[in-house]
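Notes to accompany the following structure.
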Amino acid sequence: MTSGQPGTGNARPTPTGADTESQPATTAAAGAPTQPARTSDKPAAETTAAQPPVGDGAATGTAPNDDSKADPATSGAVKDAARRDKQGDTAKQSTTTKQDATAKQDAAGGGTAASDSTAKGTDAAKDSGTTKDGEPTKDGGATKDVKADGADGTDKADSEAKPVGPERWEAFASAPEPRPSIFSRAGRPVGRFLIHEWTLAALGALALAVLMTWPTLRYPRYTLPQDYWDPSLQAWQMAWSGHILLADPARLWQSNTFFPELWSFAFSDTLLGYAPAGMLGSGPEDAVLRYNIMFVLAHALATFGAYALARQLGAGRIGAAVAGVSYTYAPWLLAQAGHLHVLSNGGIPLALAMLARGHGWSLRHGYRPERRHDGWVYAGWLVAAWQLSLGFGIGLPFAYFLAGVVLVAAVLFLARRLRTGQAVPFGRRLFAADVLGGVLFAGVGLLMAFPFFKVTELHPYAERTIGDISLFSPPASGFVTAPGESRIWGGLHEGAREALPWHPEMTLLPGFVLYALAAGGLFFSVWRLRHRLLLLAGVLLTMAFAMGTRFFDGTFTYVPLFEHLPGWSGLRTPGRLMLWTTLLLGLLAAGAVTALTDRVRELTAQRIPSWPGPWLRMATLLPLLLVTVEGLNTTPHPVVPTQPAAMRSSEGPLLVLPSNQSLDQHVMLWSTSGFPDVVNGGSGFTPRQLDDVRRVSQSFPDQTSVDYLRTLGVRTVVLLRGQVAGTPWEINIDAPVESLGISRQEVGDAVVYRL
């Protein structure tokens, strides 16, 4: 038969897509038996590219016929094609690539073209004399036509056309996923950031600070925590640093107070690190508002910093929270509520956490070189330098602590290298970060120390003595005595406070709950035994230093530091070293609470059923709750004295009378309106010239005082009527001044004299 001759094309084109589905119905309607698809004897590469091997018809949509037998010629061609296919993989890949390219072109315009090609082949078969049963006519014309047309048309169209059948069922397919909008894509990282542990820790620390310092933010422009003396001074310090760095940075240390003294900004701790905040706002009310905001933020940073340190060392979340809260809201710190430079201690644990993270070290896991990161090292040194810029009161012990840590770490690395003969992995980048960071830290310290050394040179009497240290050295009973501002223990410890010579600096209770948790941490903890013992040794050592000269007269503790460490003689209150004791106690407590929470987690996972699990986990929050409750306070918030109207209009240099340590701190705050030069000032010591001014001006206005003030360069004297009761000015305030060559004017509740 013609259809069985080699080289003859298919008598009927192989249906694809929609034609595959429609063909059985058409043939059935015609009453003709279906014919099997026949394979031509084209080259193997072209045949393989045109259609899959025999047996894969079901997968490609070709319907094999079940009521007819395969043609021997066709079977032979298939075997020959299979043999050639194994030998011609390269040709097959090339042909397949061409087919894909053609299919992509057909997909653009193409389903209709494929159907037309198929229909064209079918019509050609009918027009060339195909019988009813699907057999070609005897004259063979159909065979020749189909060969010519099928080889170049139908087979090619079937192999290159995109199947159009599945398009009919697209309505039943699952809907494609909607493409997220730009807002959705941007919201995902924001959402991940908001639920991150460190974001939640920061927000929690801030919320807790607002609650624990309340009502600081109730009237933030008119009240100050604890009292309005030292806070007024510190509010002026922030305002001055921000103002002068914008106006004339070269005058930073030559402040507008204590006129005409030099280096007057270094007469006390400067809070220079808060200068960016001082650049916002102007005047006394803004200065008070700024102080209250930084007061709350200082508490939040301390909590966050101690939390970060405990987490880096290996504590769990609840244990780290206990360390953070106990470090910030220890009862003894309530007596320091009026000293922002003492409360601004959050940079200490935060810098230590960053440095430990950068060096890949933790207390629980030791040194892990693979976790090193020089970026954290740079950040740690920057935070440490910023902490030092807030003042040497707590910054100087921190600087010496860092120096000691660097020295001990270097010795341990060298000792291990000598013992094992192998260098411990450290890396050049990490070494460079430590060198550059340490140089930055030391540079900031030297720049900050230079003005203080100049003050000591100009005012030798400003330096502390051992006798001054003895006045503020607390006894051992101070470690269990709470200040009066403690809501829990203040009233109960009133008798114990009366036995202390200077209780604001001697009531050093870190918290009885903290003591108990730290004691438990010595026996039940996630820290190793040697680490617990080191922490305990640190607690005892810092307590001994905090006692100043009360611990064996300080012969083996405080006195050597006082005599040999540069700058240590400027620290008059040893009790503030309790800050380190509190931090170490908090780390011991964090180890105990973490061990407790880990054990509870194991028990709840093992119990069947686990219904007590939520209650047990809630019980792990009890230490955190107790530490928080013990930090509740009754800190007063007095109203700041209103700025006299005369201070807003008077030209400097000016002197405000009466003048003393307490009232002059208000004058400093009032001078934030324009920062005129004022003779008044309050600090840790009183310059002799200011003493002379106060002594001579008691007879003002008279010729002697007027001449003396003119010699100093004073142009204006403001005498406050509300403060002259019981003073020499009570009689002289209304005395005539025409004979003195000065003028007198009533401005509000003050008398203004112009010299």
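Chain lettering (A, B, ...) mirrors the order of the structure tokens, residue numbering begins at 1 for each chain separately, and ligand numbering begins at 1 in order of display.
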Enumerate, as an NGL selection string, the complete set of residues in region 282-403 of chain A that a backbone-based DSSP assignment places in strand (DSSP E).
-> :A and (361-362 or 366-367)
Contacts of Gly591 (chain A) within 12 Å, only C-alpha atoms, excl. fewer than 4 positions in-chain, as a ChimeraX atom specification = /A:310-311,313-323,363-364,517-529,531-532,535,584-587,595-598
If we count only C-alpha atoms, what is near Gly380 (chain A) at a cut-off of 10 Å, once residues fewer than 3 positions away on the same chain are taken out, given as an MDAnalysis selection string?
-> chainID A and resid 347:358 374:377 383:386 434 437
Would you return as a VMD selection string the members of region 553-643 of chain A that DSSP assigns to helix (DSSP H, G or I) on this structure's backbone?
-> chain A and resid 553 to 554 558 to 564 568 to 570 574 to 606 613 to 619 622 to 630
What does the distance from CA of Leu343 (chain A) to CA of Leu271 (chain A) come to in Å, to one decimal?
->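 Result for CA of Leu343 (chain A) versus CA of Leu271 (chain A): 11.2 Å, one decimal.
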Name all residues at most 8 Å from Arg464 (chain A) (count only C-alpha atoms; drop same-chain ones fewer than 3 positions away) and give them as a VMD selection string.
-> chain A and resid 461 468 to 469 569 to 572
Using N, CA, C and O atoms, can you write the selected residues to a file as a compact mmCIF listing (two decimals), in the first residue's frame?
# COMPACT_ATOMS: atom_id res chain seq x y z
N TYR A 461 42.77 75.06 95.06
CA TYR A 461 41.90 74.69 96.18
C TYR A 461 40.67 73.91 95.72
O TYR A 461 39.91 73.39 96.54
N ASP A 468 38.03 65.49 102.41
CA ASP A 468 36.75 65.65 101.70
C ASP A 468 36.14 64.30 101.36
O ASP A 468 34.91 64.11 101.46
N ILE A 469 36.98 63.35 100.98
CA ILE A 469 36.47 62.01 100.64
C ILE A 469 35.88 61.35 101.88
O ILE A 469 34.85 60.67 101.81
N SER A 569 41.37 62.16 92.01
CA SER A 569 41.22 63.05 93.16
C SER A 569 40.05 64.02 92.99
O SER A 569 39.63 64.66 93.95
N GLY A 570 39.52 64.14 91.79
CA GLY A 570 38.37 65.01 91.57
C GLY A 570 37.05 64.36 91.93
O GLY A 570 36.00 65.02 91.89
N LEU A 571 37.05 63.07 92.27
CA LEU A 571 35.82 62.35 92.62
C LEU A 571 35.63 62.42 94.13
O LEU A 571 36.38 61.79 94.89
N ARG A 572 34.62 63.16 94.56
CA ARG A 572 34.44 63.36 96.01
C ARG A 572 33.45 62.40 96.63
O ARG A 572 33.33 62.37 97.86
Neighbour list for region 706-722 of chain A as JSON, numbers by chain, cut-off 9 Å, only C-alpha atoms, skip fewer than 2 positions in-chain | {"A": [259, 260, 644, 646, 647, 650, 651, 652, 653, 654, 655, 656, 657, 658, 678, 679, 693, 696, 697, 700, 701, 702, 703, 704, 724, 725, 729, 730, 733, 740, 742, 749, 750, 751, 752, 753, 754, 755]}
